[in-house]
$ cat data.txt   # compact mmCIF, C-alpha atoms and all ligand atoms
# COMPACT_ATOMS: atom_id res chain seq x y z
CA MET A 11 111.59 109.62 77.06
CA ALA A 12 109.88 108.78 73.75
CA ALA A 13 107.99 105.49 73.63
CA GLU A 14 110.10 104.25 70.66
CA GLU A 15 113.30 104.54 72.69
CA VAL A 16 112.12 102.11 75.33
CA ALA A 17 109.93 99.80 73.25
CA GLY A 18 111.34 96.46 72.24
CA PRO A 19 110.73 94.78 68.92
CA ARG A 20 107.08 94.19 68.13
CA ALA A 21 106.14 90.83 69.59
CA THR A 22 105.19 88.28 66.96
CA ASP A 23 101.85 86.52 67.26
CA ALA A 24 103.58 83.27 68.16
CA ARG A 25 105.13 84.67 71.30
CA ARG A 26 103.06 84.85 74.44
CA VAL A 27 103.04 88.40 75.79
CA VAL A 28 103.53 88.79 79.55
CA LEU A 29 103.14 92.27 81.04
CA VAL A 30 104.21 92.97 84.64
CA THR A 31 103.55 96.26 86.46
CA GLY A 32 106.08 97.32 89.11
CA ALA A 33 108.62 95.08 87.38
CA ASN A 34 111.79 96.93 88.32
CA SER A 35 112.21 95.68 91.89
CA GLY A 36 111.15 93.21 94.57
CA ILE A 37 108.46 90.68 93.72
CA GLY A 38 107.88 92.10 90.21
CA LEU A 39 111.53 91.76 89.19
CA ALA A 40 111.86 88.27 90.71
CA LEU A 41 108.69 87.29 88.83
CA CYS A 42 110.17 88.47 85.51
CA GLU A 43 113.32 86.46 86.20
CA ARG A 44 111.40 83.30 87.09
CA ILE A 45 108.99 83.54 84.16
CA LEU A 46 111.91 83.91 81.73
CA SER A 47 113.46 80.79 83.31
CA GLU A 48 110.13 78.99 82.87
CA ASP A 49 109.71 79.98 79.20
CA ASN A 50 112.40 81.94 77.34
CA GLN A 51 110.19 82.23 74.24
CA ILE A 52 107.82 84.80 75.75
CA HIS A 53 107.82 88.50 75.08
CA LEU A 54 108.19 90.24 78.45
CA CYS A 55 106.97 93.80 78.87
CA MET A 56 108.21 95.47 82.05
CA ALA A 57 105.78 98.26 82.93
CA CYS A 58 107.42 100.73 85.32
CA ARG A 59 107.13 104.38 86.36
CA ASN A 60 110.87 105.07 86.64
CA MET A 61 112.66 104.35 83.34
CA GLN A 62 116.14 104.57 84.85
CA LYS A 63 115.33 101.83 87.36
CA ALA A 64 113.53 99.92 84.60
CA GLU A 65 116.59 100.04 82.30
CA ALA A 66 118.80 98.76 85.14
CA ALA A 67 116.38 95.90 85.86
CA LYS A 68 116.16 95.01 82.16
CA SER A 69 119.98 94.90 81.88
CA GLU A 70 120.10 92.61 84.93
CA LEU A 71 117.58 90.25 83.32
CA GLN A 72 119.42 90.28 80.01
CA LEU A 73 122.62 89.27 81.76
CA SER A 74 120.97 86.19 83.29
CA HIS A 75 118.81 85.51 80.18
CA PRO A 76 120.82 86.52 77.08
CA GLY A 77 118.58 86.76 74.04
CA ALA A 78 115.42 87.24 76.08
CA ASP A 79 112.79 89.34 74.31
CA ILE A 80 112.15 92.18 76.76
CA SER A 81 110.68 95.64 76.31
CA LEU A 82 109.96 98.50 78.66
CA LEU A 83 106.81 100.53 79.04
CA LYS A 84 106.39 103.70 81.04
CA ILE A 85 103.36 103.69 83.32
CA ASP A 86 102.48 105.43 86.56
CA VAL A 87 99.48 103.50 87.87
CA GLY A 88 98.89 106.35 90.30
CA ASN A 89 98.06 108.73 87.47
CA ILE A 90 94.99 108.38 85.24
CA ASN A 91 96.49 109.98 82.12
CA SER A 92 99.61 107.86 82.38
CA VAL A 93 97.51 104.67 82.57
CA ILE A 94 95.42 105.69 79.56
CA GLN A 95 98.52 106.57 77.51
CA ALA A 96 100.27 103.33 78.49
CA ALA A 97 97.19 101.30 77.53
CA GLN A 98 97.12 103.03 74.14
CA GLU A 99 100.80 102.18 73.65
CA ILE A 100 100.18 98.52 74.59
CA ARG A 101 97.26 98.27 72.15
CA GLN A 102 99.54 99.59 69.41
CA ARG A 103 102.38 97.22 70.28
CA TYR A 104 100.49 93.95 70.79
CA GLN A 105 97.56 92.19 69.23
CA HIS A 106 97.01 90.15 72.39
CA VAL A 107 98.24 90.26 75.98
CA ASP A 108 98.31 86.74 77.43
CA TYR A 109 99.32 87.48 81.03
CA LEU A 110 98.78 90.73 82.87
CA TYR A 111 100.47 90.75 86.29
CA LEU A 112 99.05 93.65 88.31
CA ASN A 113 101.85 93.84 90.83
CA ALA A 114 102.78 97.51 91.39
CA GLY A 115 101.80 98.55 94.89
CA ILE A 116 102.56 100.93 97.73
CA MET A 117 102.18 101.26 101.50
CA LEU A 118 102.62 104.92 102.43
CA ASN A 119 104.59 105.83 105.57
CA PRO A 120 103.77 102.76 107.67
CA HIS A 121 103.90 103.05 111.47
CA PHE A 122 104.60 99.92 113.50
CA SER A 123 102.90 99.56 116.89
CA LEU A 124 105.32 97.91 119.32
CA LYS A 125 102.60 97.90 121.98
CA ALA A 126 100.21 95.93 119.76
CA PHE A 127 103.04 93.60 118.75
CA LEU A 128 103.97 92.78 122.38
CA SER A 129 100.38 92.23 123.47
CA SER A 130 99.62 89.98 120.45
CA LEU A 131 102.84 88.05 121.08
CA LEU A 132 101.48 86.89 124.42
CA SER A 133 98.00 86.10 123.12
CA ARG A 134 96.29 83.47 120.98
CA LYS A 135 96.40 85.96 118.10
CA VAL A 136 100.13 85.43 117.65
CA PHE A 137 99.88 83.24 114.52
CA THR A 138 97.37 85.54 112.83
CA MET A 139 99.56 88.49 113.71
CA PHE A 140 102.65 87.01 112.06
CA GLN A 141 100.67 85.82 109.06
CA THR A 142 98.69 88.96 108.33
CA GLY A 143 100.32 91.75 110.33
CA GLU A 144 96.81 92.48 111.66
CA GLY A 145 96.73 95.31 114.19
CA LEU A 146 100.43 96.12 113.87
CA LEU A 147 100.48 98.73 111.12
CA THR A 148 98.82 102.04 110.39
CA GLN A 149 99.64 104.17 107.37
CA GLU A 150 99.26 107.64 105.96
CA ASP A 151 97.62 108.43 102.65
CA TRP A 152 97.12 111.54 100.52
CA LEU A 153 95.37 112.70 97.38
CA THR A 154 96.67 112.29 93.83
CA ASP A 155 96.56 115.09 91.25
CA ASP A 156 93.31 113.47 90.05
CA GLY A 157 91.81 113.96 93.53
CA LEU A 158 91.75 110.25 94.47
CA GLN A 159 93.37 108.55 97.46
CA GLN A 160 96.93 107.62 96.43
CA VAL A 161 96.95 104.05 97.79
CA PHE A 162 93.55 103.20 96.29
CA MET A 163 94.57 104.74 92.96
CA THR A 164 97.90 102.87 92.80
CA ASN A 165 96.91 99.50 94.21
CA VAL A 166 93.40 99.24 92.78
CA PHE A 167 91.90 101.86 90.46
CA GLY A 168 94.94 102.46 88.21
CA HIS A 169 95.05 98.74 87.47
CA PHE A 170 91.28 98.58 86.98
CA LEU A 171 91.53 101.39 84.40
CA LEU A 172 94.38 99.54 82.72
CA ILE A 173 92.22 96.44 82.28
CA ARG A 174 89.29 98.51 81.02
CA ASN A 175 91.51 100.28 78.47
CA LEU A 176 93.11 97.02 77.34
CA GLU A 177 89.82 95.26 76.54
CA PRO A 178 90.61 94.98 72.78
CA VAL A 179 93.80 93.00 73.46
CA LEU A 180 92.57 90.90 76.38
CA GLY A 181 90.74 87.59 75.98
CA GLN A 182 89.82 87.02 72.38
CA ALA A 183 87.88 84.04 70.97
CA GLY A 184 89.84 80.83 71.58
CA CYS A 185 92.68 82.75 73.17
CA THR A 186 92.31 83.51 76.88
CA SER A 187 94.09 86.16 78.94
CA GLN A 188 95.01 85.84 82.56
CA VAL A 189 95.08 88.76 84.99
CA VAL A 190 96.97 88.12 88.23
CA TRP A 191 96.74 90.53 91.18
CA THR A 192 99.47 90.67 93.82
CA SER A 193 97.19 90.93 96.84
CA SER A 194 98.18 90.34 100.45
CA SER A 195 97.41 88.37 103.58
CA ASN A 196 96.97 91.86 105.07
CA ALA A 197 93.71 92.29 103.06
CA ARG A 198 90.98 92.55 105.69
CA LYS A 199 87.23 92.88 105.32
CA SER A 200 86.93 95.05 108.44
CA ALA A 201 89.41 97.58 107.01
CA PHE A 202 87.22 98.04 103.92
CA ASN A 203 84.04 100.06 103.75
CA LEU A 204 81.84 100.24 100.66
CA THR A 205 80.77 103.79 101.53
CA ASP A 206 84.44 104.86 101.81
CA TYR A 207 86.11 102.40 99.43
CA GLN A 208 89.05 104.78 98.84
CA HIS A 209 89.71 104.66 102.59
CA SER A 210 89.89 108.42 103.04
CA GLN A 211 88.78 108.15 106.69
CA GLY A 212 90.89 105.36 108.17
CA GLN A 213 94.56 104.55 108.75
CA GLU A 214 94.70 101.16 107.09
CA SER A 215 94.63 102.17 103.45
CA TYR A 216 96.91 99.26 102.46
CA SER A 217 94.72 96.61 104.05
CA SER A 218 91.61 98.22 102.55
CA SER A 219 93.17 98.43 99.06
CA LYS A 220 94.20 94.78 99.12
CA TYR A 221 90.72 93.71 100.21
CA ALA A 222 89.42 95.84 97.34
CA THR A 223 91.57 93.86 94.86
CA ASP A 224 90.09 90.62 96.21
CA LEU A 225 86.57 91.99 95.68
CA LEU A 226 87.46 93.29 92.24
CA ASN A 227 88.84 89.91 91.26
CA VAL A 228 85.39 88.39 91.86
CA GLY A 229 83.66 91.18 89.90
CA LEU A 230 86.07 90.87 86.98
CA ASN A 231 85.55 87.13 86.71
CA LYS A 232 81.78 87.62 86.72
CA HIS A 233 81.88 90.22 83.94
CA TYR A 234 84.78 89.01 81.81
CA ASN A 235 85.03 85.19 81.95
CA SER A 236 82.60 84.87 79.02
CA LYS A 237 84.96 87.15 77.01
CA GLY A 238 87.96 84.90 77.73
CA LEU A 239 89.49 87.04 80.49
CA PHE A 240 90.24 85.33 83.82
CA SER A 241 91.42 86.97 87.02
CA SER A 242 93.26 85.47 90.03
CA VAL A 243 94.63 86.73 93.32
CA VAL A 244 97.94 85.84 94.94
CA CYS A 245 99.40 86.39 98.43
CA PRO A 246 103.21 86.33 98.30
CA GLY A 247 103.62 86.06 102.11
CA LEU A 248 106.03 88.33 103.97
CA VAL A 249 108.81 89.31 101.54
CA LEU A 250 111.73 91.63 102.30
CA THR A 251 111.55 94.36 99.65
CA ASN A 252 111.55 98.15 99.40
CA LEU A 253 107.96 97.99 100.67
CA THR A 254 108.92 96.33 103.97
CA TYR A 255 112.03 98.56 104.21
CA GLY A 256 109.50 101.34 104.77
CA ILE A 257 108.45 99.57 108.00
CA PHE A 258 111.94 98.84 109.39
CA PRO A 259 115.31 99.78 107.84
CA PRO A 260 117.15 96.94 106.01
CA VAL A 261 119.71 96.62 108.83
CA LEU A 262 116.99 95.83 111.37
CA TRP A 263 115.44 93.23 109.05
CA THR A 264 118.90 91.67 108.67
CA LEU A 265 119.32 91.54 112.44
CA ILE A 266 115.99 89.74 112.96
CA THR A 267 116.46 87.36 110.02
CA PRO A 268 117.48 84.39 112.25
CA ILE A 269 114.28 84.93 114.30
CA MET A 270 112.26 84.97 111.07
CA TRP A 271 113.85 81.71 109.91
CA LEU A 272 112.81 80.23 113.25
CA ILE A 273 109.24 81.54 112.87
CA ARG A 274 109.19 79.98 109.38
CA VAL A 275 109.43 76.53 111.01
CA PHE A 276 105.90 77.16 112.36
CA MET A 277 104.55 79.56 109.71
CA ASN A 278 104.78 78.97 105.98
CA SER A 279 103.94 82.59 105.10
CA PHE A 280 107.44 83.91 105.90
CA THR A 281 108.63 83.47 102.33
CA LEU A 282 111.13 86.32 102.92
CA SER A 283 112.92 86.41 99.55
CA PRO A 284 111.30 87.86 96.40
CA TYR A 285 112.14 84.55 94.64
CA ASN A 286 110.14 82.53 97.21
CA GLY A 287 107.33 85.10 97.28
CA THR A 288 106.67 84.66 93.56
CA GLU A 289 105.98 80.91 93.84
CA ALA A 290 102.19 81.24 93.40
CA LEU A 291 102.56 83.90 90.69
CA VAL A 292 104.80 81.58 88.66
CA TRP A 293 102.53 78.59 89.35
CA LEU A 294 99.58 80.52 87.86
CA PHE A 295 101.65 81.07 84.72
CA THR A 296 101.54 77.30 84.15
CA GLN A 297 97.81 76.83 84.87
CA LYS A 298 94.79 76.78 82.57
CA PRO A 299 92.86 79.88 83.75
CA GLU A 300 89.49 78.15 83.19
CA SER A 301 90.46 75.56 85.81
CA LEU A 302 91.00 78.12 88.59
CA ASP A 303 88.50 78.92 91.33
CA PRO A 304 87.63 82.66 91.32
CA MET A 305 86.70 82.54 95.01
CA VAL A 306 90.10 81.41 96.28
CA LYS A 307 93.44 83.12 96.81
CA TYR A 308 96.68 81.40 95.88
CA LEU A 309 99.38 81.60 98.53
CA SER A 310 103.16 81.38 98.12
CA CYS A 311 104.55 79.33 101.00
CA THR A 312 108.04 78.39 102.19
CA SER A 313 108.72 75.57 104.63
CA GLY A 314 111.20 75.62 107.52
CA PHE A 315 113.63 73.78 105.23
CA GLY A 316 113.26 76.52 102.60
CA ASN A 317 111.11 74.53 100.13
CA ASN A 318 108.54 76.49 98.17
CA TYR A 319 104.99 75.40 97.46
CA VAL A 320 101.55 76.83 96.69
CA THR A 321 98.38 76.53 98.77
CA SER A 322 94.98 78.13 98.38
CA CYS A 323 92.41 79.53 100.77
CA LYS A 324 88.85 80.75 100.40
CA MET A 325 88.49 84.52 100.14
CA ASP A 326 86.44 86.36 102.76
CA VAL A 327 84.37 87.96 99.99
CA ASP A 328 80.68 87.86 99.17
CA VAL A 329 79.46 88.08 95.60
CA GLU A 330 76.90 90.86 96.23
CA THR A 331 79.46 93.22 97.79
CA ALA A 332 81.87 92.42 94.95
CA GLU A 333 79.22 93.39 92.40
CA ILE A 334 78.29 96.64 94.19
CA PHE A 335 81.99 97.56 94.38
CA TYR A 336 82.49 96.72 90.70
CA GLN A 337 79.58 99.03 89.78
CA GLU A 338 81.05 101.77 92.00
CA LEU A 339 84.35 101.54 90.11
CA LEU A 340 82.51 101.80 86.79
CA LYS A 341 80.74 104.91 88.11
CA LEU A 342 84.06 106.39 89.23
CA GLU A 343 85.58 105.64 85.85
CA GLY A 344 82.70 107.50 84.18
CA LYS A 345 83.05 110.41 86.61
CA MET A 346 86.79 110.75 85.97
CA LYS A 347 86.24 110.59 82.22
CA GLU A 348 83.55 113.27 82.43
CA LYS A 349 85.89 115.45 84.48
CA SER A 350 88.66 115.15 81.91
CA ASP A 351 86.18 115.91 79.08
CA VAL A 352 85.04 119.06 80.89
CA THR A 353 88.55 120.26 81.78
CA GLY A 354 89.93 119.14 78.43
CA ASP A 355 92.81 117.46 80.27
CA HIS A 356 93.81 114.80 77.72
CA SER A 357 97.56 115.21 78.12
N1 LIG B 401 106.72 92.72 100.42
C1 LIG B 401 105.72 92.04 100.95
O1 LIG B 401 105.85 91.45 102.05
C2 LIG B 401 104.44 91.94 100.23
C3 LIG B 401 104.16 92.67 99.10
N2 LIG B 401 102.95 92.54 98.49
C4 LIG B 401 102.65 93.28 97.27
O2 LIG B 401 103.59 92.96 96.29
C5 LIG B 401 103.63 93.98 95.30
C6 LIG B 401 105.07 94.31 94.99
O3 LIG B 401 105.66 94.90 96.13
P1 LIG B 401 107.14 94.60 96.62
O4 LIG B 401 107.88 93.88 95.58
O5 LIG B 401 107.02 94.03 97.98
O6 LIG B 401 107.67 96.09 96.84
P2 LIG B 401 108.62 97.00 95.92
O7 LIG B 401 108.51 98.36 96.52
O8 LIG B 401 109.94 96.40 95.77
O9 LIG B 401 107.90 96.95 94.51
C7 LIG B 401 106.81 97.75 94.20
C8 LIG B 401 106.87 98.03 92.71
O10 LIG B 401 105.72 98.80 92.36
C9 LIG B 401 106.17 99.95 91.68
N3 LIG B 401 105.25 101.06 91.84
C10 LIG B 401 104.86 101.68 92.97
N4 LIG B 401 104.03 102.69 92.69
C11 LIG B 401 103.90 102.72 91.34
C12 LIG B 401 103.20 103.56 90.45
N5 LIG B 401 102.45 104.59 90.86
N6 LIG B 401 103.26 103.27 89.13
C13 LIG B 401 104.02 102.25 88.67
N7 LIG B 401 104.73 101.45 89.46
C14 LIG B 401 104.68 101.69 90.79
C15 LIG B 401 107.53 100.27 92.28
O11 LIG B 401 108.24 101.15 91.45
P3 LIG B 401 109.40 102.13 92.04
O12 LIG B 401 110.63 101.28 92.16
O13 LIG B 401 109.49 103.19 91.00
O14 LIG B 401 108.91 102.61 93.37
C16 LIG B 401 108.10 98.88 92.35
O15 LIG B 401 108.56 98.47 91.10
C17 LIG B 401 102.82 95.14 95.88
O16 LIG B 401 101.56 95.16 95.29
C18 LIG B 401 102.72 94.79 97.35
O17 LIG B 401 101.57 95.34 97.93
C19 LIG B 401 101.98 91.70 98.96
C20 LIG B 401 102.21 90.97 100.07
C21 LIG B 401 103.44 91.02 100.80
C1 LIG B 402 110.20 89.26 115.13
C2 LIG B 402 109.55 89.74 113.90
C3 LIG B 402 109.54 88.83 112.75
C4 LIG B 402 109.00 90.95 113.87
C5 LIG B 402 108.31 91.55 112.70
C6 LIG B 402 106.96 92.07 113.12
C7 LIG B 402 106.23 92.78 111.98
C8 LIG B 402 107.00 93.98 111.49
C9 LIG B 402 105.87 91.82 110.84
C10 LIG B 402 105.04 90.62 111.34
C11 LIG B 402 104.11 90.23 110.22
C12 LIG B 402 104.57 91.06 109.04
C13 LIG B 402 103.74 91.25 107.83
C14 LIG B 402 103.90 92.39 107.04
C15 LIG B 402 104.82 93.49 107.45
C16 LIG B 402 105.73 93.16 108.62
C17 LIG B 402 105.00 92.38 109.69
C18 LIG B 402 103.83 93.21 110.23
C19 LIG B 402 103.03 92.63 105.82
C20 LIG B 402 101.85 93.47 106.28
C21 LIG B 402 103.80 93.37 104.73
C22 LIG B 402 102.97 93.65 103.52
C23 LIG B 402 101.98 92.63 103.20
O1 LIG B 402 101.37 92.74 102.13
C24 LIG B 402 101.63 91.51 104.07
C25 LIG B 402 102.59 91.29 105.20
C26 LIG B 402 101.97 90.38 106.27
C27 LIG B 402 102.91 90.10 107.40
$ encode --input "data.txt" --output "structure tokens"
Amino acid sequence: MAAEEVAGPRATDARRVVLVTGANSGIGLALCERILSEDNQIHLCMACRNMQKAEAAKSELQLSHPGADISLLKIDVGNINSVIQAAQEIRQRYQHVDYLYLNAGIMLNPHFSLKAFLSSLLSRKVFTMFQTGEGLLTQEDWLTDDGLQQVFMTNVFGHFLLIRNLEPVLGQAGCTSQVVWTSSSNARKSAFNLTDYQHSQGQESYSSSKYATDLLNVGLNKHYNSKGLFSSVVCPGLVLTNLTYGIFPPVLWTLITPIMWLIRVFMNSFTLSPYNGTEALVWLFTQKPESLDPMVKYLSCTSGFGNNYVTSCKMDVDVETAEIFYQELLKLEGKMKEKSDVTGDHS
């Protein structure tokens, strides 16, 4: 589909531009809905890989928010050329991007370990298990056409390249930009290895990729705050979406919903609905980015009575590792660029 067919009207300078990746379903779509309710004067750009799904999501939003200024953008964050082309299109459309929600994400073919679940249930690890899913899931992963690990490319590197290619429209003098990563409570230091940061060797690519976003957040703040670009990380809690429907089918989630409501009395991380899960993402939309702590994660929480609120917790990240990882990503960016120069693959 040609870019003109899906692009909305050019956003005027007065309107704040909010761009959301993975905006056609789950947390991304709920975020778009809530941000439009918060401020109907924004220009919303829904960045999606499937334009049919994106059109359907846009129509849904326009029903609930008639007159909202929404455009679509095609991007596959799992493909380098697609990211570069999308960034070029964004630079042409907008003079400034105010909010960049890096939300698109995948967990490939998750396997649930019933044995680990039952043994954690009877141990002191039970709260950590329900909060983070630690030890319960393993996943598959494969290579992209660019020769990178799919989960790393989609959840981390595609978004990193997007930021790098959007530099001219992010954070100008007197006009900050805020980047918000949808990370996860499943992010775990022990699943991440600097010498195998794409996680080609292990079976916890999701956990590794989410820890990588936490590290990258620290690196981005170090290198970009002086240029007016600020980065934050959010954990939406456990939310029932297409991603979790890859773990259990929807019918099974429906059957255990009463148990999950019960667990929510003791654990605020069972946000469950996409609306609840976006609480911290929406809260960040209302904050001054300069006032945020780059070393903390913002958590969406839901109480046993169903009330939403935001808490924060310190990230398990050290500044040196974050810097080494940041430099590794720059090297990888250079390597991929060199490869495309040699092969002439600029499609
Ligand atoms: N659900 C949960 O419990 C939690 C989710 N998260 C994170 O929240 C984010 C949103 O996930 P969620 O809403 O749960 O799941 P969904 O599967 O509903 O949403 C994921 C979105 O990302 C898009 N996406 C996936 N791959 C690509 C790609 N290569 N290029 C562009 N878009 C892509 C999907 O598009 P398409 O429809 O075309 O597949 C979809 O719009 C993810 O980053 C996830 O890791 C974090 C913590 C908990
Ligand atoms: C009785 C009951 C509620 C069983 C569900 C057990 C598990 C399937 C879940 C317990 C904690 C969940 C969890 C996630 C997936 C499902 C669980 C492992 C995530 C890993 C989903 C994606 C994330 O980003 C974080 C979630 C943390 C908690």
$ residues_around --input "data.txt" --residues "stretch 62-71 of chain A" --least-positions-apart "6" --cutoff "9 Å" --atoms "only C-alpha atoms" --output "MDAnalysis selection string"
chainID A and resid 16 33:35 39 42:43 46 56 78 80:84
$ residues_near_ligand --input "data.txt" --ligand "ligand LIG 401 (chain B)" --cutoff "8 Å" --atoms "all atoms listed in the file" --output "PyMOL selection string"
chain A and resi 31-39+57-60+63+85-89+112-117+164-165+191-196+216+220+245-254+282+284+287
$ atom_distance --input "data.txt" --atom1 "atom CA of A:Tyr109" --atom2 "atom C25 of ligand LIG 402 (chain B)"
24.7 Å
$ closest_residue --input "data.txt" --among "A:Pro259, A:Pro304, A:Gly316, A:Gly238" --to "ligand LIG 402 (chain B)" --atoms "only C-alpha atoms and all ligand atoms"
A:Pro259
$ residues_around --input "data.txt" --residues "A:His53" --least-positions-apart "4" --cutoff "7 Å" --atoms "only C-alpha atoms" --output "list of chain:residue names"
A:Ala21, A:Arg25, A:Arg26, A:Val27, A:Val28, A:Asp79, A:Ile80
$ atom_distance --input "data.txt" --atom1 "atom CA of A:Val136" --atom2 "atom CA of A:Pro120"
20.3 Å
$ closest_residue --input "data.txt" --among "A:His169, A:His75, A:Arg274, A:Arg198" --to "A:Gly145" --atoms "all atoms listed in the file"
A:Arg198
$ closest_residue --input "data.txt" --among "A:Lys125, A:Lys345, A:Lys324, A:Arg103" --to "ligand LIG 402 (chain B)" --atoms "only C-alpha atoms and all ligand atoms"
A:Lys125
$ closest_residue --input "data.txt" --among "A:Ser242, A:Gln102, A:Asn317, A:Gln149" --to "ligand LIG 402 (chain B)" --atoms "only C-alpha atoms and all ligand atoms"
A:Gln149
$ closest_residue --input "data.txt" --among "A:Gln105, A:Asn286, A:Gln208, A:Thr264" --to "A:Ala222" --atoms "only C-alpha atoms"
A:Gln208
$ atom_distance --input "data.txt" --atom1 "atom CA of A:Asp303" --atom2 "atom CA of A:Ile173"
20.1 Å
$ residues_around --input "data.txt" --residues "stretch 232-235 of chain A" --least-positions-apart "6" --cutoff "9 Å" --atoms "all atoms listed in the file" --output "ChimeraX atom specification"
/A:181,241,300,304,333
$ closest_residue --input "data.txt" --among "A:Gly168, A:Gly157, A:Pro299, A:Pro268" --to "ligand LIG 402 (chain B)" --atoms "all atoms listed in the file"
A:Pro268
$ residues_near_point --input "data.txt" --point "(81.1, 98.4, 101.5)" --cutoff "9 Å" --atoms "all atoms listed in the file" --output "list in words"
Phe202, Asn203, Leu204, Thr205, Asp206, Tyr207, Thr331, Ala332, Ile334 and Phe335 of chain A
$ residues_near_point --input "data.txt" --point "(99.3, 98.6, 79.0)" --cutoff "9 Å" --atoms "all atoms listed in the file" --output "PDB file with C-alpha atoms, in the coordinates of the input"
ATOM      1  CA  LEU A  29     103.140  92.270  81.040  1.00  0.00           C
ATOM      2  CA  THR A  31     103.550  96.260  86.460  1.00  0.00           C
ATOM      3  CA  ALA A  57     105.780  98.260  82.930  1.00  0.00           C
ATOM      4  CA  LEU A  83     106.810 100.530  79.040  1.00  0.00           C
ATOM      5  CA  LYS A  84     106.390 103.700  81.040  1.00  0.00           C
ATOM      6  CA  ILE A  85     103.360 103.690  83.320  1.00  0.00           C
ATOM      7  CA  VAL A  93      97.510 104.670  82.570  1.00  0.00           C
ATOM      8  CA  ILE A  94      95.420 105.690  79.560  1.00  0.00           C
ATOM      9  CA  GLN A  95      98.520 106.570  77.510  1.00  0.00           C
ATOM     10  CA  ALA A  96     100.270 103.330  78.490  1.00  0.00           C
ATOM     11  CA  ALA A  97      97.190 101.300  77.530  1.00  0.00           C
ATOM     12  CA  GLN A  98      97.120 103.030  74.140  1.00  0.00           C
ATOM     13  CA  GLU A  99     100.800 102.180  73.650  1.00  0.00           C
ATOM     14  CA  ILE A 100     100.180  98.520  74.590  1.00  0.00           C
ATOM     15  CA  ARG A 101      97.260  98.270  72.150  1.00  0.00           C
ATOM     16  CA  VAL A 107      98.240  90.260  75.980  1.00  0.00           C
ATOM     17  CA  LEU A 110      98.780  90.730  82.870  1.00  0.00           C
ATOM     18  CA  LEU A 172      94.380  99.540  82.720  1.00  0.00           C
ATOM     19  CA  ILE A 173      92.220  96.440  82.280  1.00  0.00           C
ATOM     20  CA  ASN A 175      91.510 100.280  78.470  1.00  0.00           C
ATOM     21  CA  LEU A 176      93.110  97.020  77.340  1.00  0.00           C
TER      22      LEU A 176
END
$ axis_aligned_box --input "data.txt" --around "stretch 294-298 of chain A" --padding-each-side "8 Å" --output "JSON"
{"center_x": 98.2, "center_y": 78.9, "center_z": 85.2, "size_x": 22.9, "size_y": 20.3, "size_z": 21.3}
$ residues_around --input "data.txt" --residues "A:Thr154" --least-positions-apart "4" --cutoff "10 Å" --atoms "all atoms listed in the file" --output "list in words"
Gly88, Asn89, Ile90, Leu158, Gln159, Gln160, Val161, Phe162, Met163 and Thr164 of chain A
$ residues_around --input "data.txt" --residues "A:Ser310" --least-positions-apart "4" --cutoff "9 Å" --atoms "only C-alpha atoms" --output "list in words"
Val244, Cys245, Pro246, Gly247, Asn278, Ser279, Thr281, Asn286, Gly287, Thr288, Glu289, Ala290, Leu291, Asn318, Tyr319, Val320, Thr321 and Ser322 of chain A
